[in-house]
Amino acid sequence: MKLHHHPAIKVFGLALLLAGPACKTATVAKSDYPLKPVAMTDVKLSDRFWAPRQETDVAVTIAHEMKQTEDTGRIKNFELAAAALRGETGGKLATRYAFDDSDVYKLIEAAAYTLMLRPNPDLEAKLDAWIAKIAAAQEPDGYLYTARTIDPKNPPGMSGPERWVQLQDSHELYNLGHLYEGAVAYYQATGKRALLDVALKSADFIRKTFGPGANELKLVPGHEEVEIGLVKLYRLTGSKKYLDLAKFFIDERGNAAGHKLYGEYNQDHKPVLEQAEAVGHSVRAAYLYSGMADIAALTGDKRYLDALDRIWEDIVSKKLYVTGGIGAAGGIEGFGPAYDLPNATGYAETCATIAYALWNWRMSLSHADAKYMDLFERAAYNAFLSGSGMSGDLYFYPNPLASYGRHVRSPWFGCACCPPNIARFIAELGGFAYAVEGDKVFLNLFIQGTAKIAAAGGTVRLEQTTDYPWSGDIKIRVAESAAGPWTLMVRIPGWALGRPLPSDLYRYAEEIAEKPILKVNGEAVPLDINQGYVAVARTWAAGDTVELLLPMPVRRLLAHPEIKDDVGRVAVERGPLVYTAEWPDNEGYASNLVLDDGAALTPADKPDLLGGITVITGDATANRYKSRKVVAEKRTLTLIPYYAWAHRGRGEMAVWLAREPGKARAIPEPTLASRAKVVASEGARGAEGVNDQFEPAISNDHAGSYLHWWPRKGSKEWVEYDFGRPERVSEVEVYWFDDTGDGECRIPVSWALFYKDGESWKPVADSSAFGVEKDRYNTVVFRPVRTTGLRLEVQLPADFSSGIVEWKVR
């Protein structure tokens, strides 16, 4: 098979071969995106915001994630599968999930991008060793899925008893999508075919298995992604069968005549061309929408774009967090109802943010409208970067907009989709900055560095100088110009024009007089904006300059009144950055702060704080109880960029601040329970939550911290208060945690209360009933005792776990 080969090809392509742009290959499609991305290998970043993150990605993240991948058994799975193919028996899947293969493929893709940024022979050798193990795990006919190959007679539950029979859950095709992306990226980075050969063998096998033919399976993946990978194989090889298969998987969704529908969670409730709302699992959805955008571009079928335009409008008008995150409902990791955007329980999975950004990037290539890159920018600078710790080896899975101290980044996850996704997105970021359409060069992202661009008239080299996002001053110098006239299309961000989103979901609270200014060679030019761009057309010469001056005042945002969590609240932005209040800067709390509408807010540079940031300060008040009365204390408010939260320990955080006292939490006075030291039985999580004095709304309240013993089931567990000195007690109140519909915690079967007597625990006497009711405090009154501690013993249900939201003592 002829390949459009690395590294000699110099035409557009690798930008779209990768999840985002990278280096170059030949265009094979007669129809394609109108805009052509500039490859990441032709864009060099040198700013103080993104360039250091790319360096960390190369120096820290890839090595950290490769070690985690090996330590957690993901590479072992391929070794076990290869052993099984050699006839060795007795192997068992070394990891928890059947989709863990995909993390390996995604990380190879990310590492390939870093090799394009900085060659690393040791890393390449390590990847070659991994790839050899992957190849050895592939079955002779091309099937590759370690969860089944290791022990075909006893595959994991989600895999189904036979190949393909449980595609709704098995991730058999999802894994392959990431294999294809990783294989293309590694081939483009190194020219080595080993992984690509595995991918092509696999793709040829599934093409023979699935399709519209009489003897082919009419099934679709439960988790979309293979469509994107197949498109990349098509771009690389020019073989239309891969494009046709990707289109089949998309067209077959919602086709009840072909297969039993999976439902809304999998976007398989109706044909994609009839869909108008974003539903179900948000990562699945956004991967589908990217696949649809690719099919629309490569087939020229506008019907896919019409459907995408409807879905896009649904999200941006009703289901998008101000941080650019999507997927509010943690129970399904997906979209909730319109305007249901809770803050403390908001999910906004990091992978979903990445998928949403990549879909918007594709929409920008289709429509040449800056509003899509506005959303890309909002997601990248806020929700995405929240998920990526500054050290390069810590991550968030969900990214809420309020926290009461239970959130901390993790070095890895059991379901580890986010870390390698973060690694690949940071590495390829430069490839999203520029695009070309004929003689038009689109400037989409403001990041200092250089770009080499193949325009219609020849090569254009640009030098961008800026301290964005801290400053709105951007200077573009033409270092080399194509012959003849060409047009620089300069994006004017919506936030600079008084519109945070291209909808009424959020709005700025006040108008500003300052407007963006655009200069060419020092002379101001009219700001004639069309679809978010100003077109600067001329015959350019080396040394010509374009200056864009974007005012960056501090702005207050208000939410649509249908977003109940944000009524009576205000958020703060400056430039593309959303800001938040965090506990270290505000005397330990954020939930009690009130920001008056008239309070002045001032930016201030803090080069030694959190890697160098601009903070925002102003006057505020803080509510707290004193002598059982709520008092408002004057306070200097300090806000930091949202992405920078949770780098200084656990504590409160809030993006949406109260505008009026009644919307702020008054900090309670300390109680006997809140002062107590909490200890719980082995395996308990969140023990600090039982005495944090946050009042739950219901038993399934995830807003604050709570103790739970999941995944333990059927056991007897305990939690203790140590008062530190003898105290007289006679009553307790327990609010049980029960996440029916979301998880596996239920109210306990029974419980008992003990007090400490010397070194032993004794049951309290003359007690009232030990209640196990949901959505209320269960009060137990007993004969007064003087003791240094109390202990709850809890009997968990046989098939479920249990937890406690709050435990009070009197």
# chains A, B, ... in the order shown; residues from 1 in each chain; ligands from 1

$ select_by_dssp --residues "stretch 599-793 of chain A" --states "strand (DSSP E)" --output "ChimeraX atom specification"
/A:601-606,613-626,629-641,652-654,657-658,677-680,707-708,716-737,750-757,760-763,777-793

$ residues_around --residues "stretch 408-420 of chain A" --least-positions-apart "2" --cutoff "7 Å" --atoms "only C-alpha atoms" --output "VMD selection string"
chain A and resid 103 106 to 107 110 350 to 351 393 to 397 406 422 to 424 646 650

$ residues_around --residues "stretch 435-448 of chain A" --least-positions-apart "4" --cutoff "8 Å" --atoms "only C-alpha atoms" --output "PyMOL selection string"
chain A and resi 34-38+45-47+50+365+370+373+377+453-457+463-468+474+485-491

$ write_last_selection --atoms "N, CA and C atoms" --output "mmCIF file, in the first residue's frame"
data_model
loop_
_atom_site.group_PDB
_atom_site.id
_atom_site.type_symbol
_atom_site.label_atom_id
_atom_site.label_comp_id
_atom_site.auth_asym_id
_atom_site.auth_seq_id
_atom_site.Cartn_x
_atom_site.Cartn_y
_atom_site.Cartn_z
ATOM 1 N N PRO A 34 -12.398 23.611 4.190
ATOM 2 C CA PRO A 34 -11.956 24.800 3.449
ATOM 3 C C PRO A 34 -10.663 25.383 4.008
ATOM 4 N N LEU A 35 -10.540 25.402 5.331
ATOM 5 C CA LEU A 35 -9.326 25.907 5.954
ATOM 6 C C LEU A 35 -8.370 24.742 6.191
ATOM 7 N N LYS A 36 -7.083 24.994 5.931
ATOM 8 C CA LYS A 36 -6.048 23.991 6.127
ATOM 9 C C LYS A 36 -5.177 24.402 7.316
ATOM 10 N N PRO A 37 -5.098 23.570 8.355
ATOM 11 C CA PRO A 37 -4.290 23.937 9.513
ATOM 12 C C PRO A 37 -2.807 23.978 9.176
ATOM 13 N N VAL A 38 -2.087 24.816 9.877
ATOM 14 C CA VAL A 38 -0.630 24.863 9.766
ATOM 15 C C VAL A 38 -0.064 23.850 10.757
ATOM 16 N N LEU A 45 6.616 27.560 19.631
ATOM 17 C CA LEU A 45 6.147 28.411 20.722
ATOM 18 C C LEU A 45 7.316 28.862 21.587
ATOM 19 N N SER A 46 7.291 30.122 22.001
ATOM 20 C CA SER A 46 8.381 30.647 22.843
ATOM 21 C C SER A 46 7.856 31.585 23.926
ATOM 22 N N ASP A 47 6.591 31.484 24.266
ATOM 23 C CA ASP A 47 6.002 32.381 25.261
ATOM 24 C C ASP A 47 6.290 31.871 26.666
ATOM 25 N N TRP A 50 2.520 28.896 27.466
ATOM 26 C CA TRP A 50 2.376 27.550 26.908
ATOM 27 C C TRP A 50 3.697 26.849 26.660
ATOM 28 N N LEU A 365 -12.547 25.091 10.997
ATOM 29 C CA LEU A 365 -12.021 24.775 9.671
ATOM 30 C C LEU A 365 -13.136 24.664 8.645
ATOM 31 N N ALA A 370 -14.715 32.757 13.684
ATOM 32 C CA ALA A 370 -13.868 32.833 14.868
ATOM 33 C C ALA A 370 -14.572 32.389 16.139
ATOM 34 N N MET A 373 -13.126 29.179 17.519
ATOM 35 C CA MET A 373 -11.833 29.290 18.182
ATOM 36 C C MET A 373 -11.946 30.090 19.483
ATOM 37 N N GLU A 377 -10.423 28.470 22.756
ATOM 38 C CA GLU A 377 -9.582 29.234 23.671
ATOM 39 C C GLU A 377 -10.127 29.187 25.093
ATOM 40 N N ILE A 453 4.334 29.169 7.028
ATOM 41 C CA ILE A 453 3.013 28.909 6.469
ATOM 42 C C ILE A 453 3.098 28.826 4.952
ATOM 43 N N ALA A 454 2.525 27.763 4.405
ATOM 44 C CA ALA A 454 2.465 27.615 2.949
ATOM 45 C C ALA A 454 1.175 28.238 2.445
ATOM 46 N N ALA A 455 1.254 29.468 1.993
ATOM 47 C CA ALA A 455 0.088 30.161 1.452
ATOM 48 C C ALA A 455 0.056 29.975 -0.063
ATOM 49 N N ALA A 456 -1.015 30.479 -0.693
ATOM 50 C CA ALA A 456 -1.206 30.257 -2.125
ATOM 51 C C ALA A 456 -0.059 30.815 -2.948
ATOM 52 N N GLY A 457 0.493 31.949 -2.551
ATOM 53 C CA GLY A 457 1.544 32.582 -3.344
ATOM 54 C C GLY A 457 2.949 32.187 -2.964
ATOM 55 N N GLU A 463 6.349 36.128 12.861
ATOM 56 C CA GLU A 463 6.874 36.149 14.225
ATOM 57 C C GLU A 463 5.842 36.841 15.109
ATOM 58 N N GLN A 464 5.362 36.126 16.088
ATOM 59 C CA GLN A 464 4.354 36.689 16.991
ATOM 60 C C GLN A 464 4.996 36.984 18.344
ATOM 61 N N THR A 465 4.772 38.193 18.834
ATOM 62 C CA THR A 465 5.300 38.614 20.136
ATOM 63 C C THR A 465 4.137 39.038 21.020
ATOM 64 N N THR A 466 4.020 38.398 22.168
ATOM 65 C CA THR A 466 2.928 38.740 23.075
ATOM 66 C C THR A 466 3.162 38.125 24.441
ATOM 67 N N ASP A 467 2.539 38.704 25.454
ATOM 68 C CA ASP A 467 2.539 38.127 26.799
ATOM 69 C C ASP A 467 1.130 37.660 27.160
ATOM 70 N N TYR A 468 0.377 37.304 26.145
ATOM 71 C CA TYR A 468 -0.961 36.752 26.313
ATOM 72 C C TYR A 468 -0.870 35.474 27.155
ATOM 73 N N ILE A 474 -0.590 42.227 21.117
ATOM 74 C CA ILE A 474 -0.071 41.188 20.233
ATOM 75 C C ILE A 474 0.563 41.868 19.018
ATOM 76 N N PRO A 485 -0.080 39.787 -3.334
ATOM 77 C CA PRO A 485 -0.888 40.103 -2.154
ATOM 78 C C PRO A 485 -1.418 38.837 -1.474
ATOM 79 N N TRP A 486 -1.569 38.930 -0.189
ATOM 80 C CA TRP A 486 -2.260 37.901 0.607
ATOM 81 C C TRP A 486 -2.903 38.582 1.794
ATOM 82 N N THR A 487 -3.798 37.865 2.471
ATOM 83 C CA THR A 487 -4.622 38.478 3.520
ATOM 84 C C THR A 487 -4.355 37.809 4.861
ATOM 85 N N LEU A 488 -4.073 38.637 5.848
ATOM 86 C CA LEU A 488 -3.956 38.147 7.218
ATOM 87 C C LEU A 488 -5.316 38.300 7.886
ATOM 88 N N MET A 489 -5.878 37.177 8.312
ATOM 89 C CA MET A 489 -7.177 37.167 8.982
ATOM 90 C C MET A 489 -6.939 37.141 10.483
ATOM 91 N N VAL A 490 -7.201 38.240 11.137
ATOM 92 C CA VAL A 490 -6.896 38.393 12.559
ATOM 93 C C VAL A 490 -8.157 38.155 13.381
ATOM 94 N N ARG A 491 -8.103 37.159 14.238
ATOM 95 C CA ARG A 491 -9.262 36.878 15.102
ATOM 96 C C ARG A 491 -9.393 37.964 16.171
#

$ residues_around --residues "A:Glu695" --least-positions-apart "2" --cutoff "12 Å" --atoms "only C-alpha atoms" --output "JSON, numbers by chain"
{"A": [404, 665, 666, 667, 668, 689, 690, 691, 692, 693, 697, 698, 699, 701, 702, 703, 704, 705, 706, 734, 735, 775, 776, 777, 805, 806, 807, 808]}

$ select_by_dssp --residues "stretch 542-652 of chain A" --states "helix (DSSP H, G or I)" --output "list of chain:residue names"
A:Lys564, A:Asp565, A:Asp566, A:Trp583, A:Pro584, A:Asp585, A:Tyr642, A:Tyr643, A:Ala644

$ write_last_selection --atoms "all heavy atoms" --output "mmCIF file, in the first residue's frame"
data_model
loop_
_atom_site.group_PDB
_atom_site.id
_atom_site.type_symbol
_atom_site.label_atom_id
_atom_site.label_comp_id
_atom_site.auth_asym_id
_atom_site.auth_seq_id
_atom_site.Cartn_x
_atom_site.Cartn_y
_atom_site.Cartn_z
ATOM 1 N N LYS A 564 -29.880 27.816 37.811
ATOM 2 C CA LYS A 564 -30.303 28.075 39.184
ATOM 3 C C LYS A 564 -29.129 28.261 40.139
ATOM 4 O O LYS A 564 -29.199 29.075 41.065
ATOM 5 C CB LYS A 564 -31.200 26.933 39.673
ATOM 6 C CG LYS A 564 -32.460 26.721 38.827
ATOM 7 C CD LYS A 564 -33.282 27.985 38.695
ATOM 8 C CE LYS A 564 -34.547 27.762 37.875
ATOM 9 N NZ LYS A 564 -35.281 29.022 37.609
ATOM 10 N N ASP A 565 -28.052 27.513 39.949
ATOM 11 C CA ASP A 565 -26.912 27.612 40.857
ATOM 12 C C ASP A 565 -26.249 28.985 40.821
ATOM 13 O O ASP A 565 -25.555 29.370 41.769
ATOM 14 C CB ASP A 565 -25.869 26.549 40.512
ATOM 15 C CG ASP A 565 -25.909 25.374 41.474
ATOM 16 O OD1 ASP A 565 -27.007 25.075 41.999
ATOM 17 O OD2 ASP A 565 -24.857 24.753 41.707
ATOM 18 N N ASP A 566 -26.447 29.738 39.737
ATOM 19 C CA ASP A 566 -25.743 31.002 39.565
ATOM 20 C C ASP A 566 -26.623 32.220 39.789
ATOM 21 O O ASP A 566 -26.146 33.357 39.651
ATOM 22 C CB ASP A 566 -25.121 31.076 38.166
ATOM 23 C CG ASP A 566 -24.118 29.956 37.924
ATOM 24 O OD1 ASP A 566 -23.614 29.392 38.912
ATOM 25 O OD2 ASP A 566 -23.862 29.643 36.746
ATOM 26 N N TRP A 583 -9.190 29.406 49.013
ATOM 27 C CA TRP A 583 -9.023 29.561 50.460
ATOM 28 C C TRP A 583 -7.692 30.189 50.914
ATOM 29 O O TRP A 583 -7.703 30.999 51.860
ATOM 30 C CB TRP A 583 -9.215 28.214 51.148
ATOM 31 C CG TRP A 583 -8.167 27.192 50.806
ATOM 32 C CD1 TRP A 583 -8.146 26.361 49.743
ATOM 33 C CD2 TRP A 583 -6.975 26.929 51.540
ATOM 34 N NE1 TRP A 583 -7.014 25.584 49.739
ATOM 35 C CE2 TRP A 583 -6.276 25.910 50.843
ATOM 36 C CE3 TRP A 583 -6.418 27.440 52.713
ATOM 37 C CZ2 TRP A 583 -5.055 25.404 51.282
ATOM 38 C CZ3 TRP A 583 -5.200 26.938 53.163
ATOM 39 C CH2 TRP A 583 -4.532 25.934 52.460
ATOM 40 N N PRO A 584 -6.518 29.881 50.315
ATOM 41 C CA PRO A 584 -5.287 30.441 50.882
ATOM 42 C C PRO A 584 -5.217 31.961 50.812
ATOM 43 O O PRO A 584 -4.516 32.591 51.613
ATOM 44 C CB PRO A 584 -4.179 29.807 50.025
ATOM 45 C CG PRO A 584 -4.782 28.618 49.397
ATOM 46 C CD PRO A 584 -6.218 28.984 49.175
ATOM 47 N N ASP A 585 -5.935 32.548 49.869
ATOM 48 C CA ASP A 585 -5.876 33.996 49.657
ATOM 49 C C ASP A 585 -6.981 34.750 50.381
ATOM 50 O O ASP A 585 -6.982 35.990 50.380
ATOM 51 C CB ASP A 585 -5.990 34.295 48.155
ATOM 52 C CG ASP A 585 -5.061 33.446 47.324
ATOM 53 O OD1 ASP A 585 -3.839 33.495 47.573
ATOM 54 O OD2 ASP A 585 -5.554 32.698 46.450
ATOM 55 N N TYR A 642 -8.661 30.501 37.359
ATOM 56 C CA TYR A 642 -9.296 29.236 37.727
ATOM 57 C C TYR A 642 -8.362 28.051 37.522
ATOM 58 O O TYR A 642 -8.321 27.124 38.338
ATOM 59 C CB TYR A 642 -10.575 29.053 36.905
ATOM 60 C CG TYR A 642 -11.183 27.672 36.983
ATOM 61 C CD1 TYR A 642 -11.837 27.244 38.135
ATOM 62 C CD2 TYR A 642 -11.086 26.793 35.910
ATOM 63 C CE1 TYR A 642 -12.390 25.966 38.212
ATOM 64 C CE2 TYR A 642 -11.643 25.523 35.975
ATOM 65 C CZ TYR A 642 -12.287 25.114 37.135
ATOM 66 O OH TYR A 642 -12.821 23.855 37.210
ATOM 67 N N TYR A 643 -7.593 28.073 36.437
ATOM 68 C CA TYR A 643 -6.738 26.914 36.156
ATOM 69 C C TYR A 643 -5.731 26.647 37.272
ATOM 70 O O TYR A 643 -5.226 25.528 37.409
ATOM 71 C CB TYR A 643 -5.999 27.097 34.823
ATOM 72 C CG TYR A 643 -4.834 28.068 34.880
ATOM 73 C CD1 TYR A 643 -3.607 27.694 35.423
ATOM 74 C CD2 TYR A 643 -4.945 29.358 34.380
ATOM 75 C CE1 TYR A 643 -2.540 28.578 35.477
ATOM 76 C CE2 TYR A 643 -3.891 30.244 34.428
ATOM 77 C CZ TYR A 643 -2.684 29.848 34.982
ATOM 78 O OH TYR A 643 -1.627 30.728 35.042
ATOM 79 N N ALA A 644 -5.421 27.683 38.068
ATOM 80 C CA ALA A 644 -4.350 27.575 39.064
ATOM 81 C C ALA A 644 -4.824 27.079 40.423
ATOM 82 O O ALA A 644 -4.019 26.936 41.344
ATOM 83 C CB ALA A 644 -3.668 28.942 39.229
#

$ atom_distance --atom1 "atom CA of A:Leu401" --atom2 "atom CA of A:Ala338"
17.7 Å

$ residues_around --residues "A:Ala604" --least-positions-apart "3" --cutoff "8 Å" --atoms "only C-alpha atoms" --output "ChimeraX atom specification"
/A:614-617

$ residues_around --residues "A:Ile747" --least-positions-apart "6" --cutoff "7 Å" --atoms "only C-alpha atoms" --output "PDB file with C-alpha atoms, in the first residue's frame"
ATOM      1  CA  TRP A 736     -26.433   9.114  55.791  1.00  0.00           C
ATOM      2  CA  PHE A 737     -24.918   9.269  52.329  1.00  0.00           C
ATOM      3  CA  ASP A 738     -26.889   7.399  49.664  1.00  0.00           C
ATOM      4  CA  VAL A 772     -31.520   4.697  58.911  1.00  0.00           C
ATOM      5  CA  LYS A 774     -32.484   9.059  53.870  1.00  0.00           C
ATOM      6  CA  SER A 802     -22.513   3.111  52.849  1.00  0.00           C
TER       7      SER A 802
END

$ residues_around --residues "A:Trp361" --least-positions-apart "5" --cutoff "8 Å" --atoms "only C-alpha atoms" --output "list of chain:residue names"
A:Tyr372, A:Met373, A:Phe376, A:Phe432

$ closest_residue --among "A:Ala185, A:Val279, A:Ala94, A:Ala125" --to "A:Glu333" --atoms "only C-alpha atoms"
A:Val279

$ closest_residue --among "A:Ala84, A:Ile131, A:Val578, A:Met116" --to "A:Thr323" --atoms "only C-alpha atoms"
A:Val578

$ closest_residue --among "A:Val785, A:Leu527, A:Leu144, A:Ala257" --to "A:Ala203" --atoms "only C-alpha atoms"
A:Leu144

$ closest_residue --among "A:Gly254, A:Pro398, A:Gly387, A:Gly714" --to "A:Leu273" --atoms "only C-alpha atoms"
A:Gly254

$ closest_residue --among "A:Ala112, A:Leu217, A:Ala286, A:Val60" --to "A:Trp312" --atoms "only C-alpha atoms"
A:Ala286

$ closest_residue --among "A:Leu200, A:Ala451, A:Leu505, A:Val525" --to "A:Leu320" --atoms "only C-alpha atoms"
A:Leu505
